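Novice: Here's a structure for you.
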Amino acid sequence: MNIFLLSHELLVVGLALGLLLVDLWLPPPARRKLGYIAALGVGAILLYSLVAVRVAPDGVQYAFGSDPHHGPYALDGLALFFKRFFLLAAMLVLLMSVEFADRIETGIGEFYALILFALAGMLVASSANDFSVLFVSLELITITFYVLTSFQRARLASLEAGVKYLIIGALSTSFTVFGIALVYGISGKLNFGELAAVSGQMAGNKIFLFGLALVMVGLGFKIAAFPFQIWAPDVYQGAPAPTTAFLAVGSKAAGFVLLLRVLFTAVPNIAERWSNLLVLISGITILYGNLCAIPQRNIKRLLGYSSIAHAGYMLLGVAALSGAGRSAILYYLSGYLFTVLGAFTVICLVLRQVDGEDISALAGLDQRSPLLAATMTMAMVSLAGIPPLAGFFGKFLLLKSVLEKGATHPLYYCLAFTALAGVVISIYYYFGIVRAIYWSRDVPDLSPIRMSRPIRISIYTCVAGMFYLGLFPNGLVTLVNRATQASKLLL
């Protein structure tokens with residue numbers, strides 16, 4: 001056992017436990033600032049990862065197992081990329097949570113700790129190379145989000161969102177467990193590397209394929225892909241804003257890294273046979289999310305449907321069944337991190353002073369805080385995929401990977417057209433938010449919005465990330481190409 005490979009997870013869990021202990025001795029007014037300590041700790045772990053943790057360009061290291069070539073926990077380029085991704089996302093969410101702390105009546109220390117425990121599950125998910133580790137990481141993420149979603153116990157909407165997430169999450173877990181049982185029962189393998197060696201022989205076994213399909217159902221729930229997306233709008237609307245933000249970025253990214261591991265490491269031969277199904281799911285997810293977002297007035301619910309649409313866009317890279325498609329997913333997720341967290345930071349700051357979450361609450365934001373208005377506008381422009389921000393180049397890479405497959409399979413041209421149609425539709429509702437910020441006639445409140453220095457730094461980070469990835473994409477493109485090539489993603 002190589003304990004060094006688990007250093008990210010152990011440090012995060014140690015930080016969470018330490019936070020709970022400190023919380024016991026602090027007076028209630030001082031507990032709010034524990035979020036800064038947690039964010040600083042996560043930032044230190046991220047710095048440690050960047051400086052001290054290295055993976056050979058084509059190397060994979062395994063933490064457990066007697067077989068040096070097939071361990072259940074793998075540290076490779078893909079895992080390291082996602083670990084740093086999750087650490088950055090958690091740090092920004094923790095800073096957002098400090099601003100939201102006034103709306104949580106009790107247990108703010110536990111709220112910060114639960115974010116860290118969810119982060120630990122995401123870190124494990126990034127290295128999952130075995131169905132047992134996949135299941136453990138999924139459950140650690142999901143169970144913590146059950147609590148985080150319903151943390152505002154005095155709000156009926158939060159409790160309702162928690163119950164819905166619990167019921168549908170438990171259902172998806174049952175599908176996943178049953179699917180893993182069928183896969184193991186037929187193949188006798190849980191390790192992805194060992195499964196890859198026999199997956200070609202199992203391609204005609206209907207029970208094996210049924211089990212694998214059930215596992216895909218569980219992962220489809222995590223990424224909110226059609227037809228497993230019904231939980232997303234209600235949960236996004238009812239959950240506390242920092243929880244929604246971490247769900248939109250962290251949980252979705254965890255689902256995608258597991259999806260990539262299963263399809264392209266464990267069963268690459270079968271993934272290639274499912275190309276038509278992947279194309280269909282991607283196209284429907286894009287259309288469903290964008291069309292359902294049009295009539296929404298609750299801004300968090302609108303972003304819930306938007307999240308479904310963006311899951312569809314990222315599935316373009318999965319459906320492409322190519323290295324370019326997988327690299328495009330990683331790039332898109334990176335831009336999505338800065339864009340969505342920037343938007344939710346603005347929502348958290350603006351809506352903490354009002355009871356509702358209607359888009360009209362953003363009216364006059366350009367006069368109350370030009371910085372927040374500009375940040376929200378740039379986030380909407382990036383989500384819509386308009387240059388020169390990160391969302392544009394991410395969509396460009398995804399569409400490029402799909403069009404490259406069109407020469408051999410005309411169905412991919414239809415998928416690309418569907419994605420472009422989704423982009424056009426999304427412009428309407430994204431710019432509805434921009435219109436509310438700058439051109440609303442009724443402005444009920446013009447009082448300035450005060451911001452702490454840490455949250456300003458968080459906002460500047462998100463804005464810089466959106467611009468940098470849109471204007472200077474080469475550095476990240478090289479990084480994501482190395483991450484996908486270094487990992488054992490086949491096809």
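By order in the structure tokens, chains are A, B, ...; within a chain, residues start at 1; ligands start at 1, following the order shown.
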Could you pull out all residues of stretch 205-389 of chain A with a DSSP call of alpha helix (DSSP H) and give them as a VMD selection string?
Specialist: chain A and resid 206 to 223 232 to 238 241 to 246 252 to 261 268 to 273 275 to 293 299 to 319 323 to 351 365 to 368 370 to 384
Novice: Any idea what's packed within 12 Å of A:Leu140, counting only C-alpha atoms, ignoring anything in its chain fewer than 6 positions away? Could you give it as a JSON list (two decimals) with N, CA, C and O atoms, in the first residue's frame?
Specialist:
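Listed below is the output, selection_14.json:
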```json
[["chain", "number", "residue", "atom", "x", "y", "z"],
["A", 13, "VAL", "N", -9.78, 14.98, 4.59],
["A", 13, "VAL", "CA", -10.53, 14.40, 5.71],
["A", 13, "VAL", "C", -9.98, 14.92, 7.03],
["A", 13, "VAL", "O", -10.74, 15.25, 7.96],
["A", 114, "LEU", "N", -19.09, 19.23, 5.93],
["A", 114, "LEU", "CA", -19.76, 18.37, 4.95],
["A", 114, "LEU", "C", -19.29, 18.67, 3.52],
["A", 114, "LEU", "O", -19.17, 17.75, 2.70],
["A", 115, "ILE", "N", -19.02, 19.94, 3.25],
["A", 115, "ILE", "CA", -18.46, 20.27, 1.94],
["A", 115, "ILE", "C", -17.11, 19.57, 1.75],
["A", 115, "ILE", "O", -16.81, 19.04, 0.67],
["A", 116, "LEU", "N", -16.33, 19.54, 2.82],
["A", 116, "LEU", "CA", -15.02, 18.87, 2.73],
["A", 116, "LEU", "C", -15.16, 17.36, 2.59],
["A", 116, "LEU", "O", -14.39, 16.72, 1.86],
["A", 117, "PHE", "N", -16.14, 16.77, 3.26],
["A", 117, "PHE", "CA", -16.36, 15.32, 3.11],
["A", 117, "PHE", "C", -16.84, 15.00, 1.69],
["A", 117, "PHE", "O", -16.44, 13.97, 1.11],
["A", 118, "ALA", "N", -17.70, 15.85, 1.14],
["A", 118, "ALA", "CA", -18.10, 15.65, -0.26],
["A", 118, "ALA", "C", -16.88, 15.77, -1.18],
["A", 118, "ALA", "O", -16.74, 15.00, -2.14],
["A", 119, "LEU", "N", -16.01, 16.73, -0.88],
["A", 119, "LEU", "CA", -14.77, 16.88, -1.65],
["A", 119, "LEU", "C", -13.93, 15.62, -1.57],
["A", 119, "LEU", "O", -13.36, 15.18, -2.60],
["A", 120, "ALA", "N", -13.83, 15.01, -0.40],
["A", 120, "ALA", "CA", -13.06, 13.77, -0.26],
["A", 120, "ALA", "C", -13.62, 12.68, -1.16],
["A", 120, "ALA", "O", -12.86, 11.93, -1.80],
["A", 121, "GLY", "N", -14.95, 12.57, -1.23],
["A", 121, "GLY", "CA", -15.57, 11.59, -2.13],
["A", 121, "GLY", "C", -15.23, 11.86, -3.58],
["A", 121, "GLY", "O", -14.98, 10.93, -4.36],
["A", 122, "MET", "N", -15.21, 13.13, -3.97],
["A", 122, "MET", "CA", -14.86, 13.47, -5.35],
["A", 122, "MET", "C", -13.41, 13.13, -5.66],
["A", 122, "MET", "O", -13.09, 12.66, -6.77],
["A", 123, "LEU", "N", -12.53, 13.36, -4.69],
["A", 123, "LEU", "CA", -11.12, 13.02, -4.90],
["A", 123, "LEU", "C", -10.94, 11.52, -5.10],
["A", 123, "LEU", "O", -10.14, 11.08, -5.94],
["A", 124, "VAL", "N", -11.68, 10.72, -4.33],
["A", 124, "VAL", "CA", -11.61, 9.26, -4.50],
["A", 124, "VAL", "C", -12.17, 8.87, -5.86],
["A", 124, "VAL", "O", -11.62, 8.01, -6.56],
["A", 125, "ALA", "N", -13.28, 9.51, -6.27],
["A", 125, "ALA", "CA", -13.90, 9.19, -7.56],
["A", 125, "ALA", "C", -12.94, 9.40, -8.71],
["A", 125, "ALA", "O", -12.94, 8.64, -9.68],
["A", 133, "VAL", "N", -14.57, 0.81, -5.57],
["A", 133, "VAL", "CA", -14.16, 2.19, -5.26],
["A", 133, "VAL", "C", -15.15, 3.17, -5.88],
["A", 133, "VAL", "O", -15.47, 4.20, -5.28],
["A", 134, "LEU", "N", -15.62, 2.87, -7.07],
["A", 134, "LEU", "CA", -16.63, 3.72, -7.71],
["A", 134, "LEU", "C", -17.85, 3.87, -6.83],
["A", 134, "LEU", "O", -18.35, 4.98, -6.60],
["A", 146, "TYR", "N", -27.12, 14.81, 0.43],
["A", 146, "TYR", "CA", -28.45, 14.66, 1.05],
["A", 146, "TYR", "C", -28.60, 15.66, 2.19],
["A", 146, "TYR", "O", -29.63, 16.33, 2.32],
["A", 147, "VAL", "N", -27.57, 15.75, 3.03],
["A", 147, "VAL", "CA", -27.61, 16.63, 4.20],
["A", 147, "VAL", "C", -27.45, 18.09, 3.78],
["A", 147, "VAL", "O", -28.19, 18.96, 4.25],
["A", 173, "THR", "N", -28.89, 4.65, -6.65],
["A", 173, "THR", "CA", -27.92, 3.78, -5.98],
["A", 173, "THR", "C", -28.31, 2.31, -6.14],
["A", 173, "THR", "O", -27.45, 1.45, -6.36],
["A", 251, "SER", "N", -20.18, 17.70, -8.27],
["A", 251, "SER", "CA", -20.87, 16.43, -8.44],
["A", 251, "SER", "C", -20.95, 16.04, -9.91],
["A", 251, "SER", "O", -20.79, 14.87, -10.27],
["A", 254, "ALA", "N", -17.57, 14.82, -11.06],
["A", 254, "ALA", "CA", -17.31, 13.47, -10.54],
["A", 254, "ALA", "C", -18.04, 12.42, -11.36],
["A", 254, "ALA", "O", -17.49, 11.35, -11.66]]
```
Novice: As a VMD selection string, please: all residues of stretch 41-164 of chain A that backbone DSSP puts in strand (DSSP E or B).
Specialist: chain A and resid 61 to 62 73 to 75 128 130
Novice: Just write the chosen residues, N, CA and C atoms, as a PDB file, in the first residue's frame.
Specialist:
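File written: again_20.pdb
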```
ATOM      1  N   GLN A  61       0.117   4.924 -11.143  1.00  0.00           N
ATOM      2  CA  GLN A  61       0.505   4.338  -9.869  1.00  0.00           C
ATOM      3  C   GLN A  61      -0.741   3.850  -9.144  1.00  0.00           C
ATOM      4  N   TYR A  62      -0.604   2.701  -8.474  1.00  0.00           N
ATOM      5  CA  TYR A  62      -1.745   2.099  -7.786  1.00  0.00           C
ATOM      6  C   TYR A  62      -1.470   2.054  -6.283  1.00  0.00           C
ATOM      7  N   TYR A  73      -7.281   1.637  -6.955  1.00  0.00           N
ATOM      8  CA  TYR A  73      -7.139   3.091  -6.835  1.00  0.00           C
ATOM      9  C   TYR A  73      -5.944   3.515  -7.677  1.00  0.00           C
ATOM     10  N   ALA A  74      -6.193   4.335  -8.705  1.00  0.00           N
ATOM     11  CA  ALA A  74      -5.142   4.702  -9.654  1.00  0.00           C
ATOM     12  C   ALA A  74      -4.857   6.198  -9.583  1.00  0.00           C
ATOM     13  N   LEU A  75      -3.596   6.554  -9.583  1.00  0.00           N
ATOM     14  CA  LEU A  75      -3.191   7.950  -9.701  1.00  0.00           C
ATOM     15  C   LEU A  75      -2.478   8.112 -11.040  1.00  0.00           C
ATOM     16  N   ALA A 128     -10.874   6.270  -9.135  1.00  0.00           N
ATOM     17  CA  ALA A 128     -11.544   4.965  -9.117  1.00  0.00           C
ATOM     18  C   ALA A 128     -11.131   4.122 -10.321  1.00  0.00           C
ATOM     19  N   ASP A 130     -11.974   0.648 -10.095  1.00  0.00           N
ATOM     20  CA  ASP A 130     -12.612  -0.587  -9.653  1.00  0.00           C
ATOM     21  C   ASP A 130     -14.053  -0.226  -9.278  1.00  0.00           C
TER      22      ASP A 130
END
```
Novice: Can you tell me how far atom CA of A:Gly391 sits from atom CA of A:Val53, in Å to one decimal?
Specialist: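 Spanning atom CA of A:Gly391 to atom CA of A:Val53 is a straight-line distance of 29.2 Å.
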Novice: Neighbouring residues of A:Val480 were defined as those with any atom within 7 Å, considering only C-alpha atoms; residues of the same chain fewer than 6 positions away were excluded. Please report them as a PyMOL selection string.
Specialist: chain A and resi 327+330-331
Novice: Those same residues - all heavy atoms - I'd like them written as a PDB file, in the first residue's frame.
Specialist:
```pdb
ATOM      1  N   SER A 327     -10.718  15.042 -24.266  1.00  0.00           N
ATOM      2  CA  SER A 327      -9.978  16.255 -23.914  1.00  0.00           C
ATOM      3  C   SER A 327     -10.911  17.460 -23.893  1.00  0.00           C
ATOM      4  O   SER A 327     -10.793  18.341 -23.033  1.00  0.00           O
ATOM      5  CB  SER A 327      -8.844  16.488 -24.914  1.00  0.00           C
ATOM      6  OG  SER A 327      -7.891  15.450 -24.852  1.00  0.00           O
ATOM      7  N   LEU A 330     -12.819  17.745 -20.590  1.00  0.00           N
ATOM      8  CA  LEU A 330     -12.009  18.304 -19.507  1.00  0.00           C
ATOM      9  C   LEU A 330     -11.870  19.815 -19.657  1.00  0.00           C
ATOM     10  O   LEU A 330     -11.943  20.560 -18.674  1.00  0.00           O
ATOM     11  CB  LEU A 330     -10.624  17.646 -19.481  1.00  0.00           C
ATOM     12  CG  LEU A 330     -10.486  16.384 -18.620  1.00  0.00           C
ATOM     13  CD1 LEU A 330     -11.427  15.273 -19.090  1.00  0.00           C
ATOM     14  CD2 LEU A 330      -9.047  15.882 -18.622  1.00  0.00           C
ATOM     15  N   TYR A 331     -11.669  20.271 -20.893  1.00  0.00           N
ATOM     16  CA  TYR A 331     -11.554  21.710 -21.118  1.00  0.00           C
ATOM     17  C   TYR A 331     -12.874  22.402 -20.789  1.00  0.00           C
ATOM     18  O   TYR A 331     -12.899  23.457 -20.129  1.00  0.00           O
ATOM     19  CB  TYR A 331     -11.166  21.986 -22.577  1.00  0.00           C
ATOM     20  CG  TYR A 331     -10.810  23.431 -22.817  1.00  0.00           C
ATOM     21  CD1 TYR A 331      -9.493  23.848 -22.793  1.00  0.00           C
ATOM     22  CD2 TYR A 331     -11.806  24.383 -23.038  1.00  0.00           C
ATOM     23  CE1 TYR A 331      -9.155  25.187 -22.990  1.00  0.00           C
ATOM     24  CE2 TYR A 331     -11.478  25.711 -23.222  1.00  0.00           C
ATOM     25  CZ  TYR A 331     -10.157  26.107 -23.211  1.00  0.00           C
ATOM     26  OH  TYR A 331      -9.833  27.425 -23.386  1.00  0.00           O
TER      27      TYR A 331
END
```
Novice: Quick one: which stretch 327-353 of chain A residues come within 9 Å of stretch 79-88 of chain A, and what is the nearest atom pair for each with the distance in Å to one decimal, counting only C-alpha atoms, rows ordered by chain and ascending number, as CSV?
Specialist:
```
residue,atom,partner,partner_atom,distance
A:Leu330,CA,A:Phe82,CA,8.6
A:Leu333,CA,A:Phe85,CA,8.9
A:Ser334,CA,A:Phe85,CA,7.4
A:Leu337,CA,A:Phe85,CA,8.3
```
Novice: Pick from A:Pro295, A:Ile284, A:Leu341, A:Ile141: nearest to A:Leu415, with only C-alpha atoms counted?
Specialist: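 Once distances to A:Leu415 are computed over only C-alpha atoms, the minimum belongs to A:Ile284.
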Novice: Can you work out the spacing between atom CA of A:Glu105 and atom CA of A:Thr339 in Å, to one decimal?
Specialist: 28.9 Å
Novice: Which stretch 117-183 of chain A residues have any atom within 12 Å of an atom of stretch 200-221 of chain A, and for each, what is the nearest pair of atoms with distance in Å to one decimal, counting only C-alpha atoms, rows sorted by chain and number, as a tab-separated table?
Specialist:
```
residue	atom	partner	partner_atom	distance
A:Ala125	CA	A:Leu219	CA	11.8
A:Phe131	CA	A:Val215	CA	9.6
A:Leu134	CA	A:Leu219	CA	10.1
A:Phe135	CA	A:Val215	CA	9.9
A:Ser137	CA	A:Leu219	CA	12.0
A:Leu138	CA	A:Leu219	CA	8.9
A:Glu139	CA	A:Gly218	CA	11.0
A:Thr142	CA	A:Phe221	CA	10.6
A:Tyr165	CA	A:Phe221	CA	10.3
A:Ile168	CA	A:Phe221	CA	8.5
A:Gly169	CA	A:Phe221	CA	7.7
A:Ala170	CA	A:Gly218	CA	9.8
A:Leu171	CA	A:Gly218	CA	8.5
A:Ser172	CA	A:Gly218	CA	4.8
A:Thr173	CA	A:Gly218	CA	6.2
A:Ser174	CA	A:Gly218	CA	8.2
A:Phe175	CA	A:Leu214	CA	5.3
A:Thr176	CA	A:Val215	CA	4.5
A:Val177	CA	A:Val215	CA	7.6
A:Phe178	CA	A:Gly211	CA	7.0
A:Gly179	CA	A:Gly211	CA	3.8
A:Ile180	CA	A:Gly211	CA	6.3
A:Ala181	CA	A:Gly211	CA	7.4
A:Leu182	CA	A:Gly211	CA	4.9
A:Val183	CA	A:Phe208	CA	5.2
```
Novice: Could you check the closest approach to A:Ser306 for each of A:Glu99, A:Leu383, A:Ala239, A:Pro448 and tell me which residue wins, using only C-alpha atoms?
Specialist: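 The answer is A:Leu383, which sits nearest to A:Ser306.
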Novice: Quick one: residues within 9 Å of A:Phe256, only C-alpha atoms counted, chain neighbours fewer than 2 positions away excluded, as a list of chain:residue names?
Specialist: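 Contacts, with the query itself left out: A:Leu219, A:Lys222, A:Ile223, A:Ser251, A:Lys252, A:Ala253, A:Ala254, A:Leu258, A:Leu259, A:Leu260, A:Arg261, A:Met314, A:Leu315, A:Ile329.
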Novice: Can you spit out the residues from that selection as a PDB file, in the first residue's frame, using C-alpha atoms?
Specialist:
```
ATOM      1  CA  LEU A 219     -23.962   7.719 -13.461  1.00  0.00           C
ATOM      2  CA  LYS A 222     -25.027  12.124 -11.182  1.00  0.00           C
ATOM      3  CA  ILE A 223     -24.550  14.162 -14.353  1.00  0.00           C
ATOM      4  CA  SER A 251     -20.874  16.427  -8.438  1.00  0.00           C
ATOM      5  CA  LYS A 252     -21.288  16.719 -12.205  1.00  0.00           C
ATOM      6  CA  ALA A 253     -17.542  16.537 -12.802  1.00  0.00           C
ATOM      7  CA  ALA A 254     -17.313  13.473 -10.536  1.00  0.00           C
ATOM      8  CA  LEU A 258     -16.425   7.994 -13.525  1.00  0.00           C
ATOM      9  CA  LEU A 259     -18.278   7.775 -16.839  1.00  0.00           C
ATOM     10  CA  LEU A 260     -14.987   8.175 -18.704  1.00  0.00           C
ATOM     11  CA  ARG A 261     -13.321   5.529 -16.544  1.00  0.00           C
ATOM     12  CA  MET A 314     -20.355  17.420 -22.458  1.00  0.00           C
ATOM     13  CA  LEU A 315     -21.877  14.153 -23.628  1.00  0.00           C
ATOM     14  CA  ILE A 329     -14.853  17.437 -21.883  1.00  0.00           C
TER      15      ILE A 329
END
```
Novice: Given the choices A:Ala39, A:Val163, A:Ala157, A:Leu278, which gets closest to A:Trp231 if the distance is worked out from only C-alpha atoms?
Specialist: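 For A:Trp231, the nearest of the given residues is A:Val163.
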Novice: Atom CA of A:Leu263 and atom CA of A:Glu9 are how many Å apart?
Specialist: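 Atom-to-atom, atom CA of A:Leu263 to atom CA of A:Glu9, that is 24.7 Å.
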